[in-house]
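The data block below is upload.cif; it holds mmCIF, N, CA and C atoms.
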```cif
data_entry
loop_
_atom_site.label_atom_id
_atom_site.label_comp_id
_atom_site.auth_asym_id
_atom_site.auth_seq_id
_atom_site.Cartn_x
_atom_site.Cartn_y
_atom_site.Cartn_z
N MET D 226 100.28 125.17 101.68
CA MET D 226 101.05 125.60 102.85
C MET D 226 102.39 126.18 102.39
N VAL D 227 102.80 127.23 103.01
CA VAL D 227 104.04 127.91 102.67
C VAL D 227 105.24 127.06 103.12
N GLN D 228 106.35 127.20 102.43
CA GLN D 228 107.58 126.50 102.78
C GLN D 228 108.20 127.16 104.01
N ILE D 229 108.38 126.39 105.08
CA ILE D 229 108.98 126.91 106.31
C ILE D 229 110.48 126.67 106.31
N GLU D 230 110.88 125.47 105.95
CA GLU D 230 112.31 125.14 105.99
C GLU D 230 113.09 126.02 105.04
N GLY D 231 114.32 126.36 105.46
CA GLY D 231 115.18 127.13 104.59
C GLY D 231 116.12 128.02 105.37
N LYS D 232 116.86 128.84 104.60
CA LYS D 232 117.81 129.79 105.18
C LYS D 232 117.29 131.20 104.96
N TYR D 233 117.53 132.04 105.97
CA TYR D 233 117.04 133.41 105.95
C TYR D 233 118.14 134.34 106.47
N THR D 234 118.14 135.58 105.98
CA THR D 234 119.06 136.59 106.51
C THR D 234 118.25 137.75 107.06
N ASN D 235 118.73 138.32 108.15
CA ASN D 235 118.04 139.44 108.80
C ASN D 235 118.09 140.67 107.91
N ASP D 236 116.93 141.24 107.69
CA ASP D 236 116.80 142.40 106.82
C ASP D 236 116.63 143.69 107.63
N ARG D 237 115.79 143.62 108.67
CA ARG D 237 115.54 144.80 109.50
C ARG D 237 114.88 144.37 110.80
N ASN D 238 114.84 145.32 111.74
CA ASN D 238 114.24 145.08 113.06
C ASN D 238 113.28 146.20 113.38
N GLU D 239 112.34 145.90 114.26
CA GLU D 239 111.36 146.89 114.69
C GLU D 239 111.21 146.81 116.21
N ASN D 240 111.49 147.89 116.91
CA ASN D 240 111.35 148.00 118.37
C ASN D 240 112.25 147.05 119.16
N LEU D 241 113.29 146.54 118.57
CA LEU D 241 114.13 145.54 119.23
C LEU D 241 114.86 146.11 120.44
N ASP D 242 115.46 147.30 120.30
CA ASP D 242 116.19 147.89 121.41
C ASP D 242 115.26 148.19 122.59
N ASP D 243 114.12 148.80 122.33
CA ASP D 243 113.16 149.10 123.40
C ASP D 243 112.69 147.82 124.09
N TYR D 244 112.41 146.80 123.31
CA TYR D 244 111.96 145.53 123.87
C TYR D 244 113.03 144.94 124.80
N PHE D 245 114.26 144.83 124.30
CA PHE D 245 115.34 144.24 125.12
C PHE D 245 115.62 145.07 126.37
N ARG D 246 115.51 146.40 126.26
CA ARG D 246 115.71 147.26 127.43
C ARG D 246 114.67 146.92 128.49
N GLU D 247 113.40 146.82 128.08
CA GLU D 247 112.33 146.55 129.04
C GLU D 247 112.43 145.17 129.68
N VAL D 248 113.01 144.20 128.98
CA VAL D 248 113.13 142.87 129.60
C VAL D 248 114.42 142.73 130.38
N GLY D 249 115.23 143.81 130.44
CA GLY D 249 116.38 143.83 131.33
C GLY D 249 117.72 143.45 130.73
N VAL D 250 117.84 143.45 129.41
CA VAL D 250 119.13 143.14 128.79
C VAL D 250 120.06 144.34 129.00
N PRO D 251 121.25 144.12 129.55
CA PRO D 251 122.20 145.22 129.78
C PRO D 251 122.57 145.95 128.48
N TYR D 252 123.04 147.20 128.63
CA TYR D 252 123.28 148.09 127.50
C TYR D 252 124.18 147.48 126.42
N ILE D 253 125.38 147.03 126.77
CA ILE D 253 126.32 146.56 125.74
C ILE D 253 125.81 145.31 125.02
N PRO D 254 125.37 144.26 125.73
CA PRO D 254 124.81 143.11 125.00
C PRO D 254 123.59 143.48 124.15
N ARG D 255 122.77 144.40 124.66
CA ARG D 255 121.58 144.83 123.92
C ARG D 255 121.98 145.50 122.62
N LYS D 256 122.95 146.41 122.68
CA LYS D 256 123.40 147.10 121.47
C LYS D 256 124.03 146.13 120.48
N MET D 257 124.77 145.14 121.00
CA MET D 257 125.38 144.15 120.12
C MET D 257 124.29 143.32 119.43
N MET D 258 123.28 142.90 120.17
CA MET D 258 122.21 142.10 119.58
C MET D 258 121.42 142.90 118.56
N CYS D 259 121.18 144.16 118.85
CA CYS D 259 120.38 144.98 117.94
C CYS D 259 121.13 145.34 116.67
N SER D 260 122.45 145.41 116.73
CA SER D 260 123.22 145.76 115.54
C SER D 260 123.63 144.53 114.71
N SER D 261 123.48 143.35 115.28
CA SER D 261 123.85 142.14 114.54
C SER D 261 122.82 141.85 113.45
N ARG D 262 123.24 141.19 112.44
CA ARG D 262 122.36 140.76 111.36
C ARG D 262 122.46 139.23 111.28
N PRO D 263 121.72 138.55 112.15
CA PRO D 263 121.86 137.09 112.20
C PRO D 263 121.30 136.39 110.96
N THR D 264 121.75 135.17 110.78
CA THR D 264 121.16 134.29 109.79
C THR D 264 120.32 133.27 110.55
N LEU D 265 119.29 132.82 109.92
CA LEU D 265 118.34 131.88 110.50
C LEU D 265 118.23 130.70 109.57
N GLU D 266 118.31 129.49 110.12
CA GLU D 266 118.11 128.30 109.31
C GLU D 266 117.14 127.39 110.03
N ILE D 267 116.15 126.91 109.30
CA ILE D 267 115.14 126.02 109.88
C ILE D 267 115.12 124.74 109.05
N LYS D 268 115.23 123.62 109.77
CA LYS D 268 115.22 122.30 109.13
C LYS D 268 114.22 121.40 109.85
N LYS D 269 113.70 120.43 109.11
CA LYS D 269 112.83 119.43 109.71
C LYS D 269 113.25 118.07 109.18
N GLU D 270 113.51 117.14 110.09
CA GLU D 270 113.84 115.78 109.71
C GLU D 270 112.95 114.85 110.50
N ASN D 271 112.10 114.12 109.79
CA ASN D 271 111.05 113.30 110.41
C ASN D 271 110.18 114.21 111.26
N ASP D 272 110.12 113.99 112.57
CA ASP D 272 109.28 114.85 113.42
C ASP D 272 110.11 115.79 114.29
N GLU D 273 111.39 115.95 113.95
CA GLU D 273 112.28 116.81 114.72
C GLU D 273 112.64 118.07 113.93
N TRP D 274 112.45 119.21 114.58
CA TRP D 274 112.77 120.51 113.99
C TRP D 274 114.08 121.03 114.57
N THR D 275 114.84 121.77 113.76
CA THR D 275 116.05 122.43 114.24
C THR D 275 116.02 123.87 113.75
N ILE D 276 116.21 124.80 114.71
CA ILE D 276 116.33 126.22 114.37
C ILE D 276 117.72 126.67 114.79
N SER D 277 118.50 127.20 113.84
CA SER D 277 119.84 127.72 114.10
C SER D 277 119.84 129.22 113.83
N VAL D 278 120.34 129.98 114.80
CA VAL D 278 120.49 131.42 114.65
C VAL D 278 121.97 131.73 114.84
N SER D 279 122.60 132.33 113.82
CA SER D 279 124.04 132.57 113.85
C SER D 279 124.35 134.06 113.69
N THR D 280 125.28 134.53 114.54
CA THR D 280 125.85 135.86 114.42
C THR D 280 127.36 135.70 114.40
N LEU D 281 128.09 136.80 114.32
CA LEU D 281 129.55 136.72 114.36
C LEU D 281 130.03 136.20 115.72
N LEU D 282 129.25 136.44 116.78
CA LEU D 282 129.68 136.09 118.13
C LEU D 282 129.28 134.69 118.58
N ARG D 283 128.13 134.20 118.10
CA ARG D 283 127.69 132.90 118.57
C ARG D 283 126.66 132.29 117.63
N THR D 284 126.50 130.99 117.77
CA THR D 284 125.45 130.27 117.06
C THR D 284 124.63 129.52 118.10
N ASN D 285 123.33 129.68 118.03
CA ASN D 285 122.42 128.99 118.93
C ASN D 285 121.63 127.98 118.10
N VAL D 286 121.76 126.70 118.44
CA VAL D 286 121.07 125.63 117.73
C VAL D 286 120.09 124.98 118.69
N THR D 287 118.84 124.92 118.29
CA THR D 287 117.79 124.34 119.12
C THR D 287 117.08 123.26 118.31
N THR D 288 116.95 122.08 118.91
CA THR D 288 116.25 120.97 118.27
C THR D 288 115.08 120.57 119.16
N PHE D 289 113.93 120.32 118.55
CA PHE D 289 112.72 120.03 119.32
C PHE D 289 111.71 119.25 118.50
N LYS D 290 110.72 118.71 119.18
CA LYS D 290 109.55 118.10 118.56
C LYS D 290 108.35 118.96 118.94
N LEU D 291 107.47 119.15 117.98
CA LEU D 291 106.29 119.98 118.22
C LEU D 291 105.48 119.45 119.40
N GLY D 292 105.07 120.38 120.28
CA GLY D 292 104.23 120.03 121.40
C GLY D 292 104.93 119.43 122.60
N GLU D 293 106.25 119.22 122.51
CA GLU D 293 107.01 118.63 123.61
C GLU D 293 107.92 119.68 124.24
N GLU D 294 108.04 119.65 125.56
CA GLU D 294 108.90 120.61 126.26
C GLU D 294 110.37 120.31 125.97
N TYR D 295 111.15 121.37 125.81
CA TYR D 295 112.59 121.26 125.61
C TYR D 295 113.27 122.47 126.22
N GLU D 296 114.57 122.37 126.45
CA GLU D 296 115.35 123.47 127.02
C GLU D 296 116.13 124.19 125.93
N GLU D 297 116.23 125.51 126.10
CA GLU D 297 117.03 126.33 125.20
C GLU D 297 117.98 127.16 126.06
N HIS D 298 119.26 127.04 125.79
CA HIS D 298 120.28 127.74 126.59
C HIS D 298 120.58 129.09 125.95
N MET D 299 120.25 130.15 126.69
CA MET D 299 120.42 131.52 126.22
C MET D 299 121.40 132.23 127.15
N PRO D 300 121.97 133.37 126.74
CA PRO D 300 122.91 134.09 127.61
C PRO D 300 122.30 134.47 128.97
N GLY D 301 121.00 134.72 129.02
CA GLY D 301 120.37 135.11 130.28
C GLY D 301 119.90 133.94 131.13
N GLY D 302 120.08 132.72 130.65
CA GLY D 302 119.66 131.55 131.41
C GLY D 302 118.97 130.52 130.52
N VAL D 303 118.44 129.50 131.16
CA VAL D 303 117.80 128.40 130.45
C VAL D 303 116.30 128.69 130.32
N LEU D 304 115.78 128.50 129.12
CA LEU D 304 114.35 128.63 128.87
C LEU D 304 113.74 127.24 128.73
N LYS D 305 112.57 127.06 129.29
CA LYS D 305 111.80 125.84 129.06
C LYS D 305 110.74 126.21 128.03
N ASN D 306 110.80 125.56 126.87
CA ASN D 306 109.98 125.93 125.72
C ASN D 306 109.04 124.81 125.30
N ILE D 307 107.95 125.22 124.67
CA ILE D 307 107.08 124.33 123.91
C ILE D 307 106.77 125.07 122.62
N THR D 308 107.01 124.40 121.48
CA THR D 308 106.74 125.00 120.17
C THR D 308 105.62 124.23 119.49
N THR D 309 104.69 124.98 118.89
CA THR D 309 103.59 124.39 118.15
C THR D 309 103.57 125.00 116.74
N LEU D 310 102.90 124.32 115.84
CA LEU D 310 102.71 124.82 114.47
C LEU D 310 101.24 125.16 114.33
N GLU D 311 100.96 126.44 114.05
CA GLU D 311 99.59 126.90 113.89
C GLU D 311 99.50 127.63 112.55
N GLY D 312 98.97 126.97 111.56
CA GLY D 312 98.88 127.54 110.22
C GLY D 312 100.26 127.80 109.65
N GLU D 313 100.55 129.06 109.36
CA GLU D 313 101.83 129.47 108.78
C GLU D 313 102.82 129.93 109.86
N LYS D 314 102.58 129.58 111.12
CA LYS D 314 103.42 130.07 112.21
C LYS D 314 103.94 128.93 113.08
N LEU D 315 105.23 129.04 113.43
CA LEU D 315 105.78 128.26 114.53
C LEU D 315 105.70 129.18 115.75
N ILE D 316 105.09 128.71 116.82
CA ILE D 316 104.91 129.53 118.02
C ILE D 316 105.62 128.86 119.19
N THR D 317 106.60 129.58 119.76
CA THR D 317 107.36 129.07 120.89
C THR D 317 106.95 129.85 122.14
N LYS D 318 106.42 129.12 123.11
CA LYS D 318 106.09 129.70 124.42
C LYS D 318 107.18 129.28 125.38
N SER D 319 107.75 130.26 126.09
CA SER D 319 108.91 130.02 126.95
C SER D 319 108.60 130.41 128.39
N LEU D 320 109.24 129.67 129.30
CA LEU D 320 109.25 130.02 130.71
C LEU D 320 110.72 130.17 131.07
N GLY D 321 111.11 131.41 131.43
CA GLY D 321 112.52 131.70 131.68
C GLY D 321 112.83 131.84 133.15
N PRO D 322 114.06 132.27 133.45
CA PRO D 322 114.46 132.48 134.84
C PRO D 322 113.47 133.42 135.54
N GLY D 323 113.14 133.08 136.77
CA GLY D 323 112.17 133.88 137.52
C GLY D 323 110.74 133.63 137.07
N ASP D 324 110.52 132.53 136.34
CA ASP D 324 109.20 132.15 135.84
C ASP D 324 108.57 133.22 134.94
N VAL D 325 109.41 133.92 134.18
CA VAL D 325 108.93 134.94 133.24
C VAL D 325 108.49 134.26 131.95
N LYS D 326 107.28 134.59 131.49
CA LYS D 326 106.73 134.01 130.27
C LYS D 326 107.02 134.89 129.07
N ALA D 327 107.41 134.25 127.98
CA ALA D 327 107.70 134.97 126.74
C ALA D 327 107.19 134.14 125.56
N THR D 328 107.00 134.80 124.44
CA THR D 328 106.53 134.13 123.23
C THR D 328 107.33 134.63 122.03
N ARG D 329 107.67 133.70 121.15
CA ARG D 329 108.25 134.02 119.84
C ARG D 329 107.35 133.40 118.78
N GLU D 330 106.88 134.22 117.86
CA GLU D 330 106.08 133.72 116.75
C GLU D 330 106.88 133.87 115.47
N TYR D 331 107.12 132.77 114.79
CA TYR D 331 107.81 132.76 113.51
C TYR D 331 106.73 132.65 112.44
N GLU D 332 106.48 133.75 111.73
CA GLU D 332 105.45 133.74 110.69
C GLU D 332 106.11 133.72 109.32
N PHE D 333 105.64 132.81 108.47
CA PHE D 333 106.29 132.56 107.19
C PHE D 333 105.41 132.96 106.01
N THR D 334 106.07 133.55 105.01
CA THR D 334 105.47 133.75 103.70
C THR D 334 106.46 133.13 102.71
N ASP D 335 106.16 133.21 101.42
CA ASP D 335 107.07 132.60 100.45
C ASP D 335 108.46 133.21 100.47
N GLY D 336 108.60 134.49 100.80
CA GLY D 336 109.91 135.12 100.74
C GLY D 336 110.47 135.60 102.05
N GLU D 337 109.75 135.36 103.17
CA GLU D 337 110.14 136.02 104.40
C GLU D 337 109.72 135.21 105.63
N CYS D 338 110.46 135.44 106.71
CA CYS D 338 110.09 134.98 108.04
C CYS D 338 110.13 136.20 108.96
N VAL D 339 109.05 136.43 109.69
CA VAL D 339 109.00 137.53 110.65
C VAL D 339 108.88 136.90 112.03
N ILE D 340 109.84 137.23 112.91
CA ILE D 340 109.78 136.74 114.29
C ILE D 340 109.26 137.87 115.16
N THR D 341 108.18 137.61 115.87
CA THR D 341 107.59 138.57 116.80
C THR D 341 107.89 138.13 118.22
N TYR D 342 108.48 139.04 119.00
CA TYR D 342 108.87 138.74 120.38
C TYR D 342 107.92 139.47 121.33
N SER D 343 107.41 138.75 122.32
CA SER D 343 106.64 139.38 123.39
C SER D 343 107.03 138.73 124.71
N ASN D 344 106.85 139.49 125.80
CA ASN D 344 107.31 139.05 127.10
C ASN D 344 106.44 139.72 128.15
N GLU D 345 106.06 138.98 129.17
CA GLU D 345 105.16 139.56 130.18
C GLU D 345 105.80 140.71 130.96
N LYS D 346 107.13 140.85 130.91
CA LYS D 346 107.82 141.96 131.59
C LYS D 346 107.87 143.23 130.74
N SER D 347 107.41 143.14 129.50
CA SER D 347 107.55 144.27 128.59
C SER D 347 106.20 144.64 127.97
N SER D 348 105.95 145.93 127.89
CA SER D 348 104.76 146.39 127.17
C SER D 348 105.07 146.49 125.67
N LYS D 349 106.34 146.35 125.31
CA LYS D 349 106.77 146.46 123.92
C LYS D 349 106.71 145.10 123.24
N VAL D 350 106.50 145.13 121.95
CA VAL D 350 106.59 143.96 121.09
C VAL D 350 107.66 144.27 120.06
N ALA D 351 108.55 143.33 119.80
CA ALA D 351 109.61 143.53 118.82
C ALA D 351 109.44 142.57 117.66
N LYS D 352 109.97 142.98 116.51
CA LYS D 352 109.94 142.11 115.34
C LYS D 352 111.30 142.12 114.67
N ARG D 353 111.67 140.95 114.17
CA ARG D 353 112.84 140.82 113.31
C ARG D 353 112.37 140.24 111.99
N TYR D 354 112.78 140.88 110.90
CA TYR D 354 112.38 140.49 109.56
C TYR D 354 113.54 139.79 108.86
N PHE D 355 113.28 138.61 108.33
CA PHE D 355 114.30 137.82 107.65
C PHE D 355 113.83 137.52 106.23
N LYS D 356 114.72 137.71 105.25
CA LYS D 356 114.43 137.37 103.87
C LYS D 356 114.95 135.97 103.57
N ARG D 357 114.17 135.22 102.82
CA ARG D 357 114.60 133.87 102.41
C ARG D 357 115.77 134.00 101.44
N VAL D 358 116.79 133.18 101.65
CA VAL D 358 117.98 133.19 100.80
C VAL D 358 117.76 132.25 99.63
#
```
Could I get this file's structure written as C-alpha cells?
Amino acid sequence: MVQIEGKYTNDRNENLDDYFREVGVPYIPRKMMCSSRPTLEIKKENDEWTISVSTLLRTNVTTFKLGEEYEEHMPGGVLKNITTLEGEKLITKSLGPGDVKATREYEFTDGECVITYSNEKSSKVAKRYFKRV
C-alpha cells in the first residue's frame, strides 16, 4: 500500500476555474483560489485522520474517522461529509448548502496526491496535483 500520510505542495491544476465558476464561486474568490498554491498535510493518529490545507489567506483543518459523518466549515457554508478509504484513495462525499452533493477523491502514488473534484451542479471535473515534499 502506498504511503498516504505526509506533506504535499500544489504543483498544477486542471479545469479548476471552470469547475468553480459552474458551482457558483464568485469571480474574485475563484481567481484567488485558482492562483493559490496550497500545501496539503495528511496525518493519521490511531483511527483519526487530519487533513490540513493551507494558503496565504487561510488554513482549513479537518479531523475525521473513516465512515463517520463530520462537518467541514468552508467559505460557502458547512459541508456534511463522510470519508472512506478505497484502495489508494481517500474519498470524501459531501452534502452542502441546498443539499448539493459533491465528491473529492484524494488519489495517492509514491510521489503525488491528485485531488479530483466533482459536483452535481457542474458538468466539469477539476483536479489539483500535489507533489510529496
Members of stretch 228-328 of chain D assigned alpha helix (DSSP H) by DSSP, as an MDAnalysis selection string: chainID D and resid 241:247 252:260
Residues flagged strand (DSSP E or B) by DSSP in stretch 247-354 of chain D, as a PyMOL selection string: chain D and resi 264-270+273-279+284-290+295-299+302-311+314-320+326-333+337-344+351-354
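By chain and then residue number, the residues within 6.5 Å of stretch 264-268 of chain D are Ile229, Glu230, Gly231, Lys232, Tyr233, Thr234, Asn235, Glu273, Trp274, Thr275, Ile276, Ser277, Val278, Ser279 and Thr280 of chain D, counting all atoms listed in the file and disregarding those fewer than 5 positions away in sequence.
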Serialized selection, N, CA and C atoms, as a compact mmCIF listing (two decimals), in the frame of the given file:
```txt
# COMPACT_ATOMS: atom_id res chain seq x y z
N ILE D 229 108.38 126.39 105.08
CA ILE D 229 108.98 126.91 106.31
C ILE D 229 110.48 126.67 106.31
N GLU D 230 110.88 125.47 105.95
CA GLU D 230 112.31 125.14 105.99
C GLU D 230 113.09 126.02 105.04
N GLY D 231 114.32 126.36 105.46
CA GLY D 231 115.18 127.13 104.59
C GLY D 231 116.12 128.02 105.37
N LYS D 232 116.86 128.84 104.60
CA LYS D 232 117.81 129.79 105.18
C LYS D 232 117.29 131.20 104.96
N TYR D 233 117.53 132.04 105.97
CA TYR D 233 117.04 133.41 105.95
C TYR D 233 118.14 134.34 106.47
N THR D 234 118.14 135.58 105.98
CA THR D 234 119.06 136.59 106.51
C THR D 234 118.25 137.75 107.06
N ASN D 235 118.73 138.32 108.15
CA ASN D 235 118.04 139.44 108.80
C ASN D 235 118.09 140.67 107.91
N GLU D 273 111.39 115.95 113.95
CA GLU D 273 112.28 116.81 114.72
C GLU D 273 112.64 118.07 113.93
N TRP D 274 112.45 119.21 114.58
CA TRP D 274 112.77 120.51 113.99
C TRP D 274 114.08 121.03 114.57
N THR D 275 114.84 121.77 113.76
CA THR D 275 116.05 122.43 114.24
C THR D 275 116.02 123.87 113.75
N ILE D 276 116.21 124.80 114.71
CA ILE D 276 116.33 126.22 114.37
C ILE D 276 117.72 126.67 114.79
N SER D 277 118.50 127.20 113.84
CA SER D 277 119.84 127.72 114.10
C SER D 277 119.84 129.22 113.83
N VAL D 278 120.34 129.98 114.80
CA VAL D 278 120.49 131.42 114.65
C VAL D 278 121.97 131.73 114.84
N SER D 279 122.60 132.33 113.82
CA SER D 279 124.04 132.57 113.85
C SER D 279 124.35 134.06 113.69
N THR D 280 125.28 134.53 114.54
CA THR D 280 125.85 135.86 114.42
C THR D 280 127.36 135.70 114.40
```
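We find atom N of D:Cys259 and atom N of D:Asp242 to be spaced 6.7 Å apart.
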Among listed residues D:Pro322, D:Val248, D:Arg237, D:Thr308, nearest D:Lys352 (using all atoms listed in the file): D:Arg237
Which of D:Glu345, D:Asp335, D:Glu297, D:Asp324 sits closest to D:Val358 [using only C-alpha atoms]: D:Asp335
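Between atom CA of D:Glu313 and atom CA of D:Tyr295 the separation is 21.6 Å.
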